[in-house]
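A short write-up of the structure that comes next.
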Amino acid sequence: MTTSQHFLDRLGLQLPIIQAPMAGVSTPRLAAAVSHAGGLGSLGIGAGTVAQARQMIADTRALTNKPFNVNVFCHAPAVRDARREAAWLAHLAPLFAELGAAVPVELDEIYPTFIGDEAAYSLLLELRPAVVSFHFGLPTAQQIATLRQAGIYTMATATNLREAALIEQAGVDAIVAQGVEAGGHRGVFDPQAQDERHSTAVLLRLLAGRTALPLIAAGGIMDGAGIRAALDLGAVAAQLGTAFVLCPESSANATYRANLKSARAATTRLTSVLSGRLARGMVNRLIEHGEAPGSPPPADYPVAYDAAKQLNALASQHGNSEFAAQWAGQGAPLAREMGAEELVLTLAREMAA
């Protein structure tokens, strides 16, 4: 039996296809459709409250009895710096002025970390989703052990060898090997550390000979040929995010979908402007403004995200999406518009071709 088959059997999957959590874009309908088709659907709960997470899990279970993944953010709390935040707000002031609004007086740390969040931890132990995955870091080894003792399969994102070693040492079941091609936030543990920005293929090959844990490939994979290549490089499954954004079950709005179907999808950039942490998305005016020569550094994550979201909310009232975070990987031009279940079955046919 292949390593991939062991992984599939352990989770009760038919296909080595995982829908990326994509907090803010994934929905119970999307996760359920992917799981129903034989893959592993995912929910990203890091951008919401514990009550919202409970409802998302309940809604997904109402739609499918198949396993699905619940992803949490394990970032370090924001480093608050009043001067840095004031300088960033001053830099954004002309954009707020264009929209007839004053710049915010202060910013909030809008996304709490799972680390130390006893309510979120208790919720997962109570509801026991089949899989829980960690992004940006890890909770305590004791929490990981308790989740596993509760029958929950655990996964964590690594972007380099050091992070993968920490994941293995912590007792996590599997590693999501995230290449630099991936859309959305890079799962780096320490944003201040040197980032080699390994491609998905290079990271898989580096890890394949250094860990006994199952590897899930993530980053730039958009079709069945890409999944098959990832399996050949040592992965047991592939995690796709951007490939699912155009599915009607995702919560992506009309402008996000239109941009992803346009020539604009060919230009993505890793930037910390939108959230305060490196993430890949389609280039917009806010990114260009924030990266212009002489720009101050953005506030820390997720404080900078508060500014971007407030700016986008104002712009949206005028039909302007130039300040929206529209995350997309380098494979974005390959995105296809079809139902999630149809997409999973299409990917399976392409894998077998």
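Just so we're on the same page: first chain in the structure tokens is A, next is B, and so on; residues restart at 1 for each chain, and ligands are numbered from 1 in the order they show up.
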Could you give me the residues within segment 84-275 of chain A that DSSP places in strand (DSSP E or B), as a PyMOL selection string? chain A and resi 131-135+153-158+174-178+184-185+215-218+237-240+268-271
With only C-alpha atoms as the counted atoms, please give the residues lying no more than 6 Å from segment 217-230 of chain A, apart from itself and same-chain residues fewer than 6 positions off, as a ChimeraX atom specification. /A:177-179,181-182,200,238-240,243,329-331,347,350-351
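Between Ala325 of chain A and the candidates A:Leu124, A:Val236, A:Gly24, A:Val202, the tightest atom-to-atom separation, counting only C-alpha atoms, involves A:Gly24.
With only C-alpha atoms as the atoms that count, the residue of A:Ala174, A:Thr146, A:His91, A:Asp59 with the shortest distance to Ala292 of chain A is A:His91.
Considering the residues A:Ser4, A:Gln310, A:Ser199, A:His289 and counting only C-alpha atoms, Gly234 of chain A has its shortest atom-to-atom contact with A:Ser4.
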DSSP-assigned helix (DSSP H, G or I) among segment 144-347 of chain A, expressed as a PyMOL selection string: chain A and resi 144-149+161-169+200-208+224-232+242-244+254-260+263-266+285-290+303-316+332-334+340-347
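Using only C-alpha atoms, the smallest distance between any of A:Gln149, A:Leu270, A:Tyr256, A:Leu345 and Asp173 of chain A comes from A:Gln149.
Atom CA of Phe323 of chain A lies 17.7 Å from atom CA of Pro296 of chain A.
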Excluding Ala158 of chain A and residues on its chain fewer than 2 positions from it, collect all residues at most 7 Å away from it, counting only C-alpha atoms, and give them as a list in words. Ala156, Asn160, Glu163, Ala164, Ile175, Val176, Ala177, Gln178, Gly187 and Val188 of chain A
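Between Thr49 of chain A and the candidates A:Pro28, A:Gly100, A:Pro112, A:Pro191, the tightest atom-to-atom separation, counting only C-alpha atoms, involves A:Pro112.
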Identify which of the residues A:Thr242, A:Gln14, A:Ser250, A:Gln326 lies closest to Arg269 of chain A, counting only C-alpha atoms when measuring atom-to-atom distances. A:Gln326
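Picture a line from atom CA of Ala53 of chain A to atom CA of Tyr121 of chain A; it runs 11.3 Å.
Rounded to one decimal, atom CA of Gly137 of chain A and atom CA of Asp195 of chain A lie 14.6 Å from each other.
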Near-segment 313-316 of chain A list (10 Å; only C-alpha atoms; drop same-chain fewer than 4 positions) as a PyMOL selection string: chain A and resi 95-96+98-101+307-309+320-324
Would you mind listing what lies within 10 Å of Phe189 of chain A as a JSON list (two decimals) with N, CA and C atoms, in the first residue's frame, with only C-alpha atoms counted and same-chain residues fewer than 5 positions away left out?
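Contents of result_10.json, as written:
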```
[["chain", "number", "residue", "atom", "x", "y", "z"],
["A", 74, "CYS", "N", -2.09, 30.35, 14.33],
["A", 74, "CYS", "CA", -1.25, 30.25, 15.53],
["A", 74, "CYS", "C", -0.12, 31.28, 15.50],
["A", 75, "HIS", "N", -0.45, 32.50, 15.10],
["A", 75, "HIS", "CA", 0.55, 33.56, 15.03],
["A", 75, "HIS", "C", 0.87, 34.11, 16.42],
["A", 76, "ALA", "N", 2.04, 34.71, 16.54],
["A", 76, "ALA", "CA", 2.37, 35.42, 17.77],
["A", 76, "ALA", "C", 1.49, 36.67, 17.86],
["A", 135, "HIS", "N", -1.80, 27.11, 11.17],
["A", 135, "HIS", "CA", -1.11, 28.00, 10.23],
["A", 135, "HIS", "C", -0.39, 29.08, 11.02],
["A", 136, "PHE", "N", 0.78, 29.48, 10.58],
["A", 136, "PHE", "CA", 1.61, 30.52, 11.20],
["A", 136, "PHE", "C", 2.39, 30.02, 12.41],
["A", 137, "GLY", "N", 2.26, 28.77, 12.76],
["A", 137, "GLY", "CA", 2.95, 28.28, 13.94],
["A", 137, "GLY", "C", 2.22, 27.11, 14.56],
["A", 138, "LEU", "N", 2.45, 26.90, 15.85],
["A", 138, "LEU", "CA", 1.90, 25.74, 16.54],
["A", 138, "LEU", "C", 1.37, 26.12, 17.92],
["A", 157, "THR", "N", 1.30, 23.83, 8.72],
["A", 157, "THR", "CA", 2.01, 24.37, 7.56],
["A", 157, "THR", "C", 3.47, 24.61, 7.88],
["A", 158, "ALA", "N", 4.34, 24.19, 6.94],
["A", 158, "ALA", "CA", 5.77, 24.50, 7.00],
["A", 158, "ALA", "C", 6.19, 25.10, 5.67],
["A", 159, "THR", "N", 7.05, 26.11, 5.74],
["A", 159, "THR", "CA", 7.60, 26.72, 4.52],
["A", 159, "THR", "C", 9.09, 26.44, 4.38],
["A", 160, "ASN", "N", 9.67, 25.76, 5.38],
["A", 160, "ASN", "CA", 11.10, 25.45, 5.32],
["A", 160, "ASN", "C", 11.41, 24.25, 6.21],
["A", 162, "ARG", "N", 13.30, 24.01, 8.94],
["A", 162, "ARG", "CA", 13.25, 24.24, 10.38],
["A", 162, "ARG", "C", 11.82, 24.13, 10.90],
["A", 163, "GLU", "N", 10.89, 24.74, 10.20],
["A", 163, "GLU", "CA", 9.49, 24.67, 10.64],
["A", 163, "GLU", "C", 8.99, 23.24, 10.59],
["A", 166, "LEU", "N", 10.18, 21.41, 13.64],
["A", 166, "LEU", "CA", 9.41, 21.80, 14.83],
["A", 166, "LEU", "C", 8.04, 21.12, 14.83]]
```
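Residue neighbourhood of Val283 of chain A, excluding near-sequence residues (fewer than 2 positions): A:Arg264, A:Ala265, A:Thr267, A:Thr268, A:Arg269, A:Arg280, A:Gly281, A:Arg285, A:Leu286, A:Ile287, A:Glu288, A:Glu322, A:Gln326, at 9 Å, using only C-alpha atoms.
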So that I have them on file, write out the residues from the current selection with all heavy atoms, as a short mmCIF file (atom, residue, chain, number, x, y, z; two decimals), in the first residue's frame.
```cif
data_model
loop_
_atom_site.label_atom_id
_atom_site.label_comp_id
_atom_site.auth_asym_id
_atom_site.auth_seq_id
_atom_site.Cartn_x
_atom_site.Cartn_y
_atom_site.Cartn_z
N ARG A 264 -5.80 40.28 -15.17
CA ARG A 264 -5.23 40.71 -13.90
C ARG A 264 -4.71 39.53 -13.08
O ARG A 264 -3.80 39.68 -12.26
CB ARG A 264 -6.30 41.47 -13.13
CG ARG A 264 -5.76 42.28 -11.98
CD ARG A 264 -6.81 43.27 -11.52
NE ARG A 264 -6.27 44.22 -10.58
CZ ARG A 264 -6.89 45.34 -10.23
NH1 ARG A 264 -8.06 45.64 -10.77
NH2 ARG A 264 -6.35 46.16 -9.37
N ALA A 265 -5.28 38.37 -13.29
CA ALA A 265 -4.88 37.20 -12.51
C ALA A 265 -3.43 36.79 -12.78
O ALA A 265 -2.83 36.06 -11.98
CB ALA A 265 -5.80 36.03 -12.82
N THR A 267 -0.88 38.66 -12.67
CA THR A 267 0.06 39.45 -11.88
C THR A 267 -0.29 39.36 -10.41
O THR A 267 -1.21 40.01 -9.93
CB THR A 267 0.03 40.94 -12.32
OG1 THR A 267 0.26 41.01 -13.73
CG2 THR A 267 1.13 41.71 -11.60
N THR A 268 0.45 38.51 -9.70
CA THR A 268 0.28 38.39 -8.25
C THR A 268 1.58 38.83 -7.59
O THR A 268 2.64 38.86 -8.21
CB THR A 268 -0.06 36.96 -7.82
OG1 THR A 268 1.06 36.10 -8.11
CG2 THR A 268 -1.30 36.45 -8.54
N ARG A 269 1.47 39.17 -6.31
CA ARG A 269 2.66 39.65 -5.60
C ARG A 269 2.58 39.26 -4.13
O ARG A 269 1.51 39.28 -3.53
CB ARG A 269 2.76 41.17 -5.72
CG ARG A 269 4.06 41.76 -5.16
CD ARG A 269 4.09 43.27 -5.30
NE ARG A 269 3.96 43.69 -6.70
CZ ARG A 269 3.82 44.95 -7.08
NH1 ARG A 269 3.77 45.92 -6.17
NH2 ARG A 269 3.71 45.26 -8.35
N ARG A 280 0.23 36.45 -0.78
CA ARG A 280 0.21 36.63 -2.23
C ARG A 280 -1.21 36.89 -2.71
O ARG A 280 -2.14 36.14 -2.42
CB ARG A 280 0.77 35.40 -2.95
CG ARG A 280 0.85 35.57 -4.48
CD ARG A 280 1.42 34.34 -5.17
NE ARG A 280 2.79 34.10 -4.80
CZ ARG A 280 3.84 34.76 -5.30
NH1 ARG A 280 3.65 35.73 -6.20
NH2 ARG A 280 5.07 34.46 -4.91
N GLY A 281 -1.36 37.97 -3.47
CA GLY A 281 -2.65 38.30 -4.05
C GLY A 281 -2.49 39.06 -5.34
O GLY A 281 -1.38 39.44 -5.74
N ARG A 285 -4.32 48.81 -6.16
CA ARG A 285 -3.79 50.14 -5.89
C ARG A 285 -3.24 50.29 -4.47
O ARG A 285 -2.27 51.01 -4.24
CB ARG A 285 -4.88 51.19 -6.14
CG ARG A 285 -4.32 52.60 -6.11
CD ARG A 285 -5.27 53.63 -6.68
NE ARG A 285 -4.83 54.95 -6.27
CZ ARG A 285 -5.60 55.86 -5.72
NH1 ARG A 285 -6.89 55.61 -5.52
NH2 ARG A 285 -5.12 57.03 -5.38
N LEU A 286 -3.86 49.63 -3.52
CA LEU A 286 -3.38 49.71 -2.14
C LEU A 286 -1.97 49.11 -2.04
O LEU A 286 -1.10 49.68 -1.36
CB LEU A 286 -4.34 49.01 -1.19
CG LEU A 286 -3.93 48.95 0.28
CD1 LEU A 286 -3.61 50.34 0.82
CD2 LEU A 286 -5.02 48.28 1.12
N ILE A 287 -1.75 47.99 -2.70
CA ILE A 287 -0.42 47.37 -2.69
C ILE A 287 0.60 48.31 -3.30
O ILE A 287 1.69 48.54 -2.75
CB ILE A 287 -0.44 46.02 -3.43
CG1 ILE A 287 -1.30 45.01 -2.67
CG2 ILE A 287 0.97 45.48 -3.62
CD1 ILE A 287 -1.54 43.71 -3.40
N GLU A 288 0.27 48.89 -4.44
CA GLU A 288 1.19 49.80 -5.11
C GLU A 288 1.47 51.03 -4.26
O GLU A 288 2.60 51.50 -4.17
CB GLU A 288 0.63 50.20 -6.47
CG GLU A 288 0.60 49.03 -7.46
CD GLU A 288 -0.07 49.38 -8.77
OE1 GLU A 288 -0.90 50.32 -8.77
OE2 GLU A 288 0.22 48.71 -9.78
N GLU A 322 -10.36 48.46 -5.41
CA GLU A 322 -8.91 48.60 -5.53
C GLU A 322 -8.17 48.48 -4.21
O GLU A 322 -6.95 48.53 -4.17
CB GLU A 322 -8.57 49.93 -6.19
CG GLU A 322 -8.71 49.91 -7.70
CD GLU A 322 -7.83 48.82 -8.33
OE1 GLU A 322 -6.63 48.78 -8.06
OE2 GLU A 322 -8.38 47.99 -9.08
N GLN A 326 -7.51 40.41 -2.47
CA GLN A 326 -7.99 39.35 -3.36
C GLN A 326 -6.84 38.36 -3.55
O GLN A 326 -6.04 38.45 -4.48
CB GLN A 326 -8.46 39.95 -4.69
CG GLN A 326 -9.67 40.86 -4.49
CD GLN A 326 -10.20 41.48 -5.76
OE1 GLN A 326 -9.52 41.56 -6.78
NE2 GLN A 326 -11.46 41.92 -5.72
#
```
